[in-house]
file data02.cif (mmCIF, C-alpha atoms)
data_data
loop_
_atom_site.group_PDB
_atom_site.id
_atom_site.type_symbol
_atom_site.label_atom_id
_atom_site.label_comp_id
_atom_site.auth_asym_id
_atom_site.auth_seq_id
_atom_site.Cartn_x
_atom_site.Cartn_y
_atom_site.Cartn_z
ATOM 1 C CA MET O 1 93.634 33.457 64.489
ATOM 2 C CA ALA O 2 91.115 36.227 63.923
ATOM 3 C CA SER O 3 91.788 36.499 60.193
ATOM 4 C CA GLU O 4 92.916 34.396 57.241
ATOM 5 C CA ALA O 5 96.276 36.193 57.295
ATOM 6 C CA SER O 6 96.912 35.452 60.961
ATOM 7 C CA ARG O 7 95.899 31.814 60.425
ATOM 8 C CA SER O 8 98.434 31.586 57.608
ATOM 9 C CA LYS O 9 101.171 33.086 59.770
ATOM 10 C CA TYR O 10 100.254 30.768 62.626
ATOM 11 C CA PHE O 11 100.549 27.617 60.526
ATOM 12 C CA ASP O 12 103.702 28.837 58.775
ATOM 13 C CA ASN O 13 105.301 29.459 62.168
ATOM 14 C CA ALA O 14 104.172 26.012 63.328
ATOM 15 C CA LYS O 15 105.609 24.367 60.221
ATOM 16 C CA PHE O 16 108.927 26.162 60.652
ATOM 17 C CA ILE O 17 109.247 24.984 64.250
ATOM 18 C CA LEU O 18 108.289 21.459 63.256
ATOM 19 C CA ILE O 19 110.731 21.307 60.335
ATOM 20 C CA PHE O 20 113.441 22.554 62.692
ATOM 21 C CA LEU O 21 112.566 19.663 65.034
ATOM 22 C CA VAL O 22 112.763 17.280 62.064
ATOM 23 C CA VAL O 23 116.253 18.494 61.181
ATOM 24 C CA PHE O 24 117.410 18.648 64.801
ATOM 25 C CA GLY O 25 115.993 15.189 65.510
ATOM 26 C CA HIS O 26 117.910 13.754 62.582
ATOM 27 C CA MET O 27 121.051 15.608 63.661
ATOM 28 C CA ILE O 28 121.062 14.101 67.153
ATOM 29 C CA SER O 29 119.861 10.625 66.152
ATOM 30 C CA PRO O 30 123.341 9.027 65.834
ATOM 31 C CA TYR O 31 124.362 10.307 69.279
ATOM 32 C CA LYS O 32 121.234 9.619 71.329
ATOM 33 C CA GLU O 33 122.358 6.241 72.650
ATOM 34 C CA GLN O 34 125.439 7.715 74.350
ATOM 35 C CA ASP O 35 123.873 10.884 75.741
ATOM 36 C CA LYS O 36 120.905 10.920 78.114
ATOM 37 C CA VAL O 37 120.002 14.534 77.329
ATOM 38 C CA LEU O 38 120.004 13.928 73.592
ATOM 39 C CA PHE O 39 118.056 10.691 74.071
ATOM 40 C CA THR O 40 115.341 12.547 75.988
ATOM 41 C CA LEU O 41 115.218 15.317 73.395
ATOM 42 C CA TYR O 42 115.047 12.766 70.596
ATOM 43 C CA THR O 43 112.233 10.705 72.120
ATOM 44 C CA VAL O 44 110.078 13.720 73.027
ATOM 45 C CA ILE O 45 110.580 15.210 69.557
ATOM 46 C CA PHE O 46 109.709 11.959 67.814
ATOM 47 C CA LEU O 47 106.669 11.463 70.008
ATOM 48 C CA PHE O 48 104.861 14.460 68.533
ATOM 49 C CA HIS O 49 106.677 16.350 65.769
ATOM 50 C CA MET O 50 105.611 14.185 62.826
ATOM 51 C CA PRO O 51 102.063 13.659 64.178
ATOM 52 C CA ALA O 52 101.743 17.451 64.463
ATOM 53 C CA PHE O 53 103.166 17.953 60.973
ATOM 54 C CA ILE O 54 100.836 15.274 59.603
ATOM 55 C CA MET O 55 97.819 16.768 61.358
ATOM 56 C CA ILE O 56 98.538 20.182 59.824
ATOM 57 C CA SER O 57 98.905 18.506 56.405
ATOM 58 C CA GLY O 58 95.481 16.944 56.890
ATOM 59 C CA TYR O 59 94.015 20.297 57.896
ATOM 60 C CA PHE O 60 95.029 21.715 54.508
ATOM 61 C CA ALA O 61 93.661 18.735 52.544
ATOM 62 C CA LYS O 62 90.067 19.933 52.730
ATOM 63 C CA GLY O 63 89.972 20.678 49.008
ATOM 64 C CA TYR O 64 90.378 17.032 48.026
ATOM 65 C CA LYS O 65 87.071 17.100 46.105
ATOM 66 C CA LYS O 66 88.151 19.959 43.867
ATOM 67 C CA LYS O 67 88.809 19.266 40.222
ATOM 68 C CA GLY O 68 92.451 18.469 39.573
ATOM 69 C CA TYR O 69 93.282 17.837 43.241
ATOM 70 C CA LEU O 70 94.373 14.239 42.665
ATOM 71 C CA LEU O 71 96.514 15.219 39.680
ATOM 72 C CA LYS O 72 98.111 17.966 41.757
ATOM 73 C CA THR O 73 98.781 15.431 44.528
ATOM 74 C CA VAL O 74 100.599 13.214 42.039
ATOM 75 C CA GLN O 75 102.584 16.181 40.756
ATOM 76 C CA LYS O 76 103.526 17.714 44.101
ATOM 77 C CA ILE O 77 103.950 14.578 46.229
ATOM 78 C CA LEU O 78 104.306 11.315 44.299
ATOM 79 C CA ILE O 79 106.608 12.467 41.498
ATOM 80 C CA PRO O 80 109.012 14.282 43.900
ATOM 81 C CA TYR O 81 109.073 11.076 45.941
ATOM 82 C CA PHE O 82 110.211 9.006 42.948
ATOM 83 C CA VAL O 83 112.716 11.660 41.856
ATOM 84 C CA PHE O 84 114.341 11.976 45.276
ATOM 85 C CA GLN O 85 114.212 8.237 45.871
ATOM 86 C CA ILE O 86 116.475 7.884 42.848
ATOM 87 C CA ILE O 87 118.685 10.806 43.905
ATOM 88 C CA TYR O 88 119.099 9.418 47.433
ATOM 89 C CA SER O 89 119.957 5.986 46.005
ATOM 90 C CA ILE O 90 122.810 7.554 44.058
ATOM 91 C CA PHE O 91 123.885 9.666 47.047
ATOM 92 C CA TYR O 92 123.983 6.686 49.434
ATOM 93 C CA PHE O 93 126.065 4.747 46.919
ATOM 94 C CA LEU O 94 128.534 7.617 46.463
ATOM 95 C CA VAL O 95 129.043 8.143 50.214
ATOM 96 C CA GLY O 96 129.463 4.413 50.797
ATOM 97 C CA LYS O 97 126.256 3.837 52.723
ATOM 98 C CA GLU O 98 125.157 1.328 50.061
ATOM 99 C CA LYS O 99 127.634 -1.087 48.495
ATOM 100 C CA THR O 100 125.744 -1.384 45.221
ATOM 101 C CA LEU O 101 123.710 1.101 43.237
ATOM 102 C CA GLU O 102 120.110 -0.071 43.304
ATOM 103 C CA PHE O 103 116.876 1.755 42.628
ATOM 104 C CA ASP O 104 114.113 0.365 44.798
ATOM 105 C CA LEU O 105 111.221 2.771 44.359
ATOM 106 C CA PHE O 106 109.030 1.063 46.922
ATOM 107 C CA GLN O 107 111.421 0.984 49.873
ATOM 108 C CA PRO O 108 111.608 4.659 50.903
ATOM 109 C CA HIS O 109 115.005 6.023 51.812
ATOM 110 C CA TRP O 110 115.212 7.581 55.269
ATOM 111 C CA SER O 111 112.680 10.438 55.564
ATOM 112 C CA LEU O 112 111.096 9.979 52.129
ATOM 113 C CA TRP O 113 108.475 7.695 53.680
ATOM 114 C CA PHE O 114 106.515 10.843 54.534
ATOM 115 C CA LEU O 115 105.924 11.736 50.880
ATOM 116 C CA LEU O 116 104.752 8.255 49.973
ATOM 117 C CA SER O 117 102.467 8.047 52.990
ATOM 118 C CA LEU O 118 101.195 11.580 52.338
ATOM 119 C CA PHE O 119 100.097 10.488 48.881
ATOM 120 C CA PHE O 120 98.272 7.479 50.315
ATOM 121 C CA TRP O 121 96.652 9.595 53.055
ATOM 122 C CA ASN O 122 95.203 11.873 50.393
ATOM 123 C CA LEU O 123 93.824 8.834 48.576
ATOM 124 C CA LEU O 124 92.324 7.447 51.787
ATOM 125 C CA LEU O 125 90.402 10.690 52.262
ATOM 126 C CA TYR O 126 88.104 9.723 49.392
ATOM 127 C CA VAL O 127 86.805 6.931 51.622
ATOM 128 C CA PHE O 128 87.303 8.123 55.196
ATOM 129 C CA ALA O 129 86.220 11.743 54.785
ATOM 130 C CA ARG O 130 82.672 10.564 54.128
ATOM 131 C CA LEU O 131 82.646 8.677 57.418
ATOM 132 C CA LYS O 132 83.704 11.800 59.339
ATOM 133 C CA TRP O 133 84.365 11.126 63.053
ATOM 134 C CA ALA O 134 83.362 7.464 62.748
ATOM 135 C CA GLY O 135 86.104 7.228 60.127
ATOM 136 C CA LEU O 136 88.602 8.514 62.686
ATOM 137 C CA LEU O 137 87.681 5.661 65.035
ATOM 138 C CA ILE O 138 88.139 3.161 62.194
ATOM 139 C CA ALA O 139 91.492 4.772 61.314
ATOM 140 C CA VAL O 140 92.679 4.363 64.918
ATOM 141 C CA ILE O 141 91.584 0.716 64.912
ATOM 142 C CA LEU O 142 93.505 0.139 61.664
ATOM 143 C CA GLY O 143 96.550 1.926 63.099
ATOM 144 C CA VAL O 144 96.470 -0.398 66.094
ATOM 145 C CA ALA O 145 95.706 -3.497 64.019
ATOM 146 C CA VAL O 146 98.480 -3.033 61.452
ATOM 147 C CA GLY O 147 101.008 -3.674 64.214
ATOM 148 C CA TYR O 148 99.794 -7.251 64.420
ATOM 149 C CA VAL O 149 100.658 -7.817 60.738
ATOM 150 C CA GLU O 150 104.159 -9.220 61.009
ATOM 151 C CA ASN O 151 105.251 -8.272 57.499
ATOM 152 C CA ALA O 152 103.899 -4.727 57.627
ATOM 153 C CA GLY O 153 106.969 -2.532 57.558
ATOM 154 C CA SER O 154 108.728 0.079 55.479
ATOM 155 C CA PHE O 155 107.844 -1.465 52.107
ATOM 156 C CA MET O 156 105.680 1.184 50.402
ATOM 157 C CA SER O 157 105.571 2.792 53.867
ATOM 158 C CA ILE O 158 102.637 0.519 54.696
ATOM 159 C CA SER O 159 103.105 0.523 58.464
ATOM 160 C CA ARG O 160 103.584 4.261 58.814
ATOM 161 C CA THR O 161 100.724 4.993 56.433
ATOM 162 C CA PHE O 162 98.236 3.273 58.729
ATOM 163 C CA VAL O 163 99.912 4.164 62.031
ATOM 164 C CA PHE O 164 99.986 7.913 61.295
ATOM 165 C CA PHE O 165 96.810 8.208 59.222
ATOM 166 C CA PRO O 166 94.614 9.020 62.276
ATOM 167 C CA TYR O 167 96.569 12.267 62.752
ATOM 168 C CA PHE O 168 96.068 13.239 59.107
ATOM 169 C CA LEU O 169 92.362 12.455 59.262
ATOM 170 C CA LEU O 170 91.989 14.338 62.547
ATOM 171 C CA GLY O 171 93.596 17.395 60.978
ATOM 172 C CA PHE O 172 91.212 17.108 58.048
ATOM 173 C CA LEU O 173 88.202 16.909 60.377
ATOM 174 C CA LEU O 174 89.274 19.872 62.496
ATOM 175 C CA LYS O 175 87.822 23.214 61.482
ATOM 176 C CA GLY O 176 89.179 26.696 62.017
ATOM 177 C CA ASP O 177 86.895 27.183 65.000
ATOM 178 C CA HIS O 178 88.246 24.017 66.605
ATOM 179 C CA ILE O 179 91.825 25.257 66.257
ATOM 180 C CA LYS O 180 90.836 28.677 67.550
ATOM 181 C CA ARG O 181 89.297 27.154 70.675
ATOM 182 C CA ILE O 182 92.308 24.921 71.250
ATOM 183 C CA ILE O 183 94.922 27.671 71.065
ATOM 184 C CA GLY O 184 92.770 30.492 72.405
ATOM 185 C CA ALA O 185 91.506 28.876 75.589
ATOM 186 C CA LYS O 186 92.138 30.905 78.752
ATOM 187 C CA PHE O 187 94.822 28.628 80.201
ATOM 188 C CA ALA O 188 96.008 27.088 76.927
ATOM 189 C CA VAL O 189 99.538 28.536 77.019
ATOM 190 C CA PRO O 190 100.408 27.670 80.656
ATOM 191 C CA ALA O 191 98.785 24.262 80.189
ATOM 192 C CA GLY O 192 100.895 23.729 77.065
ATOM 193 C CA VAL O 193 104.081 24.660 78.916
ATOM 194 C CA VAL O 194 103.238 22.251 81.735
ATOM 195 C CA ILE O 195 102.441 19.443 79.285
ATOM 196 C CA ILE O 196 105.735 19.856 77.410
ATOM 197 C CA LEU O 197 107.781 20.091 80.625
ATOM 198 C CA MET O 198 106.054 17.082 82.183
ATOM 199 C CA THR O 199 106.639 15.082 79.013
ATOM 200 C CA PHE O 200 110.351 15.894 79.121
ATOM 201 C CA LEU O 201 110.533 14.891 82.780
ATOM 202 C CA PHE O 202 108.579 11.680 82.227
ATOM 203 C CA PHE O 203 110.627 10.633 79.212
ATOM 204 C CA GLY O 204 113.874 11.694 80.849
ATOM 205 C CA PHE O 205 113.346 9.384 83.807
ATOM 206 C CA SER O 206 111.310 6.497 82.453
ATOM 207 C CA PHE O 207 111.373 6.088 78.660
ATOM 208 C CA PRO O 208 112.963 2.692 77.830
ATOM 209 C CA GLN O 209 115.994 2.659 75.548
ATOM 210 C CA ASP O 210 114.522 -0.127 73.432
ATOM 211 C CA ALA O 211 111.139 1.581 72.941
ATOM 212 C CA VAL O 212 112.279 4.049 70.253
ATOM 213 C CA PRO O 213 110.767 1.948 67.385
ATOM 214 C CA TRP O 214 107.336 2.600 68.894
ATOM 215 C CA LEU O 215 107.790 6.289 68.094
ATOM 216 C CA LEU O 216 108.789 5.588 64.483
ATOM 217 C CA GLY O 217 105.782 3.431 63.594
ATOM 218 C CA ASP O 218 107.662 1.692 60.790
ATOM 219 C CA THR O 219 107.418 -1.942 61.825
ATOM 220 C CA SER O 220 105.192 -4.544 63.433
ATOM 221 C CA TYR O 221 104.898 -5.360 67.123
ATOM 222 C CA GLU O 222 106.722 -8.630 66.419
ATOM 223 C CA HIS O 223 109.777 -6.751 65.186
ATOM 224 C CA MET O 224 109.740 -4.422 68.195
ATOM 225 C CA GLY O 225 110.554 -7.120 70.712
ATOM 226 C CA GLY O 226 107.938 -9.820 70.286
ATOM 227 C CA MET O 227 104.223 -9.587 69.734
ATOM 228 C CA GLN O 228 101.895 -9.405 72.734
ATOM 229 C CA LEU O 229 98.113 -9.009 72.751
ATOM 230 C CA SER O 230 98.580 -5.944 74.960
ATOM 231 C CA ASP O 231 100.663 -4.179 72.278
ATOM 232 C CA GLY O 232 97.535 -2.800 70.668
ATOM 233 C CA LEU O 233 96.565 -1.191 73.966
ATOM 234 C CA LEU O 234 100.014 0.371 74.217
ATOM 235 C CA ARG O 235 99.659 1.901 70.749
ATOM 236 C CA ALA O 236 96.218 3.231 71.643
ATOM 237 C CA MET O 237 97.714 4.816 74.764
ATOM 238 C CA GLN O 238 100.497 6.253 72.609
ATOM 239 C CA TYR O 239 97.874 7.883 70.382
ATOM 240 C CA GLY O 240 96.359 9.494 73.450
ATOM 241 C CA LEU O 241 99.689 10.723 74.858
ATOM 242 C CA THR O 242 100.787 12.046 71.491
ATOM 243 C CA LEU O 243 97.592 14.044 71.028
ATOM 244 C CA ILE O 244 97.945 15.539 74.512
ATOM 245 C CA VAL O 245 101.450 16.736 73.644
ATOM 246 C CA VAL O 246 100.394 17.968 70.175
ATOM 247 C CA PHE O 247 97.524 19.971 71.654
ATOM 248 C CA GLY O 248 99.906 21.256 74.328
ATOM 249 C CA PHE O 249 102.316 22.348 71.602
ATOM 250 C CA LEU O 250 99.789 24.183 69.396
ATOM 251 C CA PRO O 251 98.954 27.039 71.838
ATOM 252 C CA LEU O 252 102.663 27.867 72.127
ATOM 253 C CA ILE O 253 102.887 28.839 68.446
ATOM 254 C CA PRO O 254 102.765 32.613 67.781
ATOM 255 C CA SER O 255 100.589 34.127 65.058
ATOM 256 C CA ASN O 256 102.902 37.073 64.390
ATOM 257 C CA GLN O 257 104.998 37.603 61.282
ATOM 258 C CA TYR O 258 108.724 36.889 61.693
ATOM 259 C CA ARG O 259 111.600 36.512 59.281
ATOM 260 C CA ILE O 260 111.393 32.758 59.644
ATOM 261 C CA THR O 261 107.643 32.701 58.973
ATOM 262 C CA LYS O 262 108.093 32.650 55.193
ATOM 263 C CA ILE O 263 110.231 29.537 55.491
ATOM 264 C CA GLY O 264 107.171 27.763 56.841
ATOM 265 C CA GLU O 265 105.852 27.878 53.272
ATOM 266 C CA ARG O 266 108.954 26.072 51.980
ATOM 267 C CA THR O 267 109.271 23.210 54.432
ATOM 268 C CA LEU O 268 109.187 20.672 51.590
ATOM 269 C CA TYR O 269 112.538 21.991 50.352
ATOM 270 C CA VAL O 270 114.072 21.687 53.808
ATOM 271 C CA TYR O 271 112.614 18.207 54.210
ATOM 272 C CA LEU O 272 113.895 16.912 50.876
ATOM 273 C CA PHE O 273 117.394 18.398 50.958
ATOM 274 C CA HIS O 274 118.443 18.349 54.612
ATOM 275 C CA GLY O 275 119.419 14.683 54.450
ATOM 276 C CA PHE O 276 122.253 15.394 52.043
ATOM 277 C CA ILE O 277 123.732 17.940 54.449
ATOM 278 C CA ILE O 278 123.222 15.971 57.641
ATOM 279 C CA LYS O 279 124.527 12.686 56.258
ATOM 280 C CA SER O 280 127.586 14.486 54.896
ATOM 281 C CA ILE O 281 128.375 16.373 58.121
ATOM 282 C CA GLN O 282 127.939 13.193 60.166
ATOM 283 C CA ALA O 283 130.343 11.382 57.861
ATOM 284 C CA ILE O 284 132.926 14.166 58.138
ATOM 285 C CA LEU O 285 132.559 14.759 61.909
ATOM 286 C CA PRO O 286 131.066 11.512 63.241
ATOM 287 C CA ASN O 287 131.822 12.051 66.942
ATOM 288 C CA ALA O 288 133.260 15.547 67.321
ATOM 289 C CA ILE O 289 129.832 17.184 67.554
ATOM 290 C CA SER O 290 128.002 14.559 69.594
ATOM 291 C CA GLU O 291 128.079 16.534 72.860
ATOM 292 C CA ASN O 292 128.220 20.029 71.429
ATOM 293 C CA TYR O 293 124.600 20.988 72.067
ATOM 294 C CA ILE O 294 125.015 24.573 70.897
ATOM 295 C CA PHE O 295 126.466 23.439 67.579
ATOM 296 C CA LEU O 296 123.705 20.859 67.059
ATOM 297 C CA ILE O 297 120.984 23.439 67.647
ATOM 298 C CA THR O 298 122.658 26.221 65.681
ATOM 299 C CA PHE O 299 123.580 24.009 62.743
ATOM 300 C CA SER O 300 120.036 22.629 62.539
ATOM 301 C CA PHE O 301 118.629 26.154 62.557
ATOM 302 C CA VAL O 302 121.043 27.302 59.839
ATOM 303 C CA VAL O 303 120.131 24.292 57.675
ATOM 304 C CA CYS O 304 116.462 25.285 57.916
ATOM 305 C CA ILE O 305 117.226 28.932 57.084
ATOM 306 C CA VAL O 306 119.421 28.094 54.099
ATOM 307 C CA LEU O 307 117.279 25.328 52.596
ATOM 308 C CA GLY O 308 114.107 27.315 53.189
ATOM 309 C CA SER O 309 115.494 30.414 51.488
ATOM 310 C CA TYR O 310 114.091 31.986 48.346
ATOM 311 C CA MET O 311 117.302 31.233 46.431
ATOM 312 C CA ILE O 312 117.143 27.504 47.133
ATOM 313 C CA LYS O 313 113.519 27.425 46.009
ATOM 314 C CA LYS O 314 114.289 29.464 42.900
ATOM 315 C CA TYR O 315 116.997 27.130 41.644
ATOM 316 C CA THR O 316 115.590 23.785 42.780
ATOM 317 C CA GLN O 317 111.892 24.335 42.105
ATOM 318 C CA PRO O 318 112.043 22.618 38.685
ATOM 319 C CA LEU O 319 113.363 19.519 40.433
ATOM 320 C CA VAL O 320 111.025 19.610 43.434
ATOM 321 C CA GLU O 321 107.858 20.686 41.639
ATOM 322 C CA LEU O 322 108.030 18.919 38.306
ATOM 323 C CA LYS O 323 105.308 19.710 35.812
ATOM 324 C CA ILE O 324 103.311 16.938 34.188
#
call {"tool": "encode", "arguments": {"input": "data02.cif", "output": "structure tokens"}}
result
Amino acid sequence: MASEASRSKYFDNAKFILIFLVVFGHMISPYKEQDKVLFTLYTVIFLFHMPAFIMISGYFAKGYKKKGYLLKTVQKILIPYFVFQIIYSIFYFLVGKEKTLEFDLFQPHWSLWFLLSLFFWNLLLYVFARLKWAGLLIAVILGVAVGYVENAGSFMSISRTFVFFPYFLLGFLLKGDHIKRIIGAKFAVPAGVVIILMTFLFFGFSFPQDAVPWLLGDTSYEHMGGMQLSDGLLRAMQYGLTLIVVFGFLPLIPSNQYRITKIGERTLYVYLFHGFIIKSIQAILPNAISENYIFLITFSFVVCIVLGSYMIKKYTQPLVELKI
């Protein structure tokens, strides 16, 4: 982290690992209920991988005041969301997932919620960035409070926008020196290893089967088993646990240049296209790969390598990065 170049490599490596966890998490999702190992992997991954991704996105949103930033946000985030929302609608109809062909632009398909929420998070910066750390406290309160709104759900990604916004705002507030201290502390690496291992052990033995929706953040407390006043406290505790795991994960990321480092710059392509591959492979081999751990890991890695390649970017860039 001593130079701009090493910082870039560090974050690109982090983004590659996180996009791999996104793909792998989606690969094992259909099989997690029947396999304790996969269930533990799934829950630990979903506890921190998107919060970490979102925090890094917030870290790179510091130029929000620059001229043309909002227009660029529309071009690079909102328009691709609408384009791929339409494409996924057609895809789901063709593979039989949807019985009728409908284009609902405000009910995000599968993983597209991230793009819609990312657009809203950038808009929220114009208010919350001025409040600085006090704004982070307000964001946490809103993230807790939105769970009490019964109708807050996946429509326009309202629930996830507020639930995950504290991570985005935290990333925005963190400076390079903060990151350097976090990952460069004397015992940061062994502490990170212990945190990750303890999380796996804790989730492996005690995470409830019906608590997965808490990790997704896409619905109200009422729709996660009945609303209780204590639910807000549980979400606040989840924020704390998630941040511990995220900050345990960050020191484990190398700052060296690898072949996969460049793919960290193209995670959007992996994110947008991997659903077509995963949904297709799951339809073709619905149960044959459920316990083949090596295949699940290897296939997820190959998907990231292929979709993050220069060739994929070259030929799909006009679709992903439309000009306005």
call {"tool": "closest_residue", "arguments": {"input": "data02.cif", "among": "O:Ile278, O:Val146, O:Ala129, O:Leu137", "to": "Glu222 of chain O", "atoms": "only C-alpha atoms"}}
result
O:Val146
call {"tool": "residues_around", "arguments": {"input": "data02.cif", "residues": "Val22 of chain O", "least_positions_apart": "4", "cutoff": "10 Å", "atoms": "only C-alpha atoms", "output": "ChimeraX atom specification"}}
result
/O:16-18,26-27,42,45-46,49-50,53,111,270-271,274,300,304
call {"tool": "write_last_selection", "arguments": {"input": "data02.cif", "atoms": "C-alpha atoms", "output": "PDB file, keeping the file's coordinate frame"}}
result
ATOM      1  CA  PHE O  16     108.927  26.162  60.652  1.00  0.00           C
ATOM      2  CA  ILE O  17     109.247  24.984  64.250  1.00  0.00           C
ATOM      3  CA  LEU O  18     108.289  21.459  63.256  1.00  0.00           C
ATOM      4  CA  HIS O  26     117.910  13.754  62.582  1.00  0.00           C
ATOM      5  CA  MET O  27     121.051  15.608  63.661  1.00  0.00           C
ATOM      6  CA  TYR O  42     115.047  12.766  70.596  1.00  0.00           C
ATOM      7  CA  ILE O  45     110.580  15.210  69.557  1.00  0.00           C
ATOM      8  CA  PHE O  46     109.709  11.959  67.814  1.00  0.00           C
ATOM      9  CA  HIS O  49     106.677  16.350  65.769  1.00  0.00           C
ATOM     10  CA  MET O  50     105.611  14.185  62.826  1.00  0.00           C
ATOM     11  CA  PHE O  53     103.166  17.953  60.973  1.00  0.00           C
ATOM     12  CA  SER O 111     112.680  10.438  55.564  1.00  0.00           C
ATOM     13  CA  VAL O 270     114.072  21.687  53.808  1.00  0.00           C
ATOM     14  CA  TYR O 271     112.614  18.207  54.210  1.00  0.00           C
ATOM     15  CA  HIS O 274     118.443  18.349  54.612  1.00  0.00           C
ATOM     16  CA  SER O 300     120.036  22.629  62.539  1.00  0.00           C
ATOM     17  CA  CYS O 304     116.462  25.285  57.916  1.00  0.00           C
TER      18      CYS O 304
END
call {"tool": "resolve_selection", "arguments": {"input": "data02.cif", "expression": "the PyMOL selection byres ((chain O and resi 249-255) around 10)", "output": "ChimeraX atom specification"}}
result
/O:1-2,5-15,17,48-49,52,179-185,187-193,195-196,243-248,256-258,261
call {"tool": "resolve_selection", "arguments": {"input": "data02.cif", "expression": "the PyMOL selection byres ((chain O and resi 57-60) around 6)", "output": "number ranges by chain"}}
result
O: 54-56, 61-62, 168-169, 171-172
call {"tool": "resolve_selection", "arguments": {"input": "data02.cif", "expression": "the PyMOL selection byres ((chain O and resi 114) around 10)", "output": "list in words"}}
result
Met50, Ile54, Ile77, Tyr81, Pro108, Trp110, Ser111, Leu112, Trp113, Leu115, Leu116, Ser117, Leu118, Phe119, Phe120, Ser157, Arg160, Thr161, Phe164 and Tyr271 of chain O
call {"tool": "closest_residue", "arguments": {"input": "data02.cif", "among": "O:Lys314, O:Leu125, O:His109, O:Lys99", "to": "Leu70 of chain O", "atoms": "all atoms listed in the file"}}
result
O:Leu125
call {"tool": "axis_aligned_box", "arguments": {"input": "data02.cif", "around": "segment 143-147 of chain O", "padding_each_side": "5 Å", "output": "AutoDock Vina command-line options"}}
result
--center_x 98.4 --center_y -0.9 --center_z 63.8 --size_x 15.3 --size_y 15.6 --size_z 14.6
call {"tool": "closest_residue", "arguments": {"input": "data02.cif", "among": "O:Phe106, O:Phe91, O:Phe155, O:Tyr293", "to": "Leu78 of chain O", "atoms": "all atoms listed in the file"}}
result
O:Phe106
call {"tool": "closest_residue", "arguments": {"input": "data02.cif", "among": "O:Phe299, O:Gln107, O:Gln317, O:Arg259", "to": "Met156 of chain O", "atoms": "all atoms listed in the file"}}
result
O:Gln107
call {"tool": "closest_residue", "arguments": {"input": "data02.cif", "among": "O:Val95, O:Leu38, O:Leu268, O:Leu197", "to": "Ser280 of chain O", "atoms": "only C-alpha atoms"}}
result
O:Val95
call {"tool": "residues_around", "arguments": {"input": "data02.cif", "residues": "Pro318 of chain O", "least_positions_apart": "2", "cutoff": "12 Å", "atoms": "all atoms listed in the file", "output": "list in words"}}
result
Gln75, Lys76, Ile79, Pro80, Val83, Tyr269, Ile312, Lys313, Lys314, Tyr315, Thr316, Val320, Glu321, Leu322, Lys323 and Ile324 of chain O
call {"tool": "residues_around", "arguments": {"input": "data02.cif", "residues": "Lys65 of chain O", "least_positions_apart": "2", "cutoff": "12 Å", "atoms": "only C-alpha atoms", "output": "JSON, numbers by chain"}}
result
{"O": [61, 62, 63, 67, 68, 69, 70, 71, 72, 73, 122, 123, 125, 126, 127, 129, 130]}
call {"tool": "atom_distance", "arguments": {"input": "data02.cif", "atom1": "atom CA of Thr219 of chain O", "atom2": "atom CA of Gly147 of chain O"}}
result
7.1 Å
call {"tool": "closest_residue", "arguments": {"input": "data02.cif", "among": "O:Leu307, O:Ala152, O:Leu234, O:Thr100", "to": "Leu272 of chain O", "atoms": "all atoms listed in the file"}}
result
O:Leu307
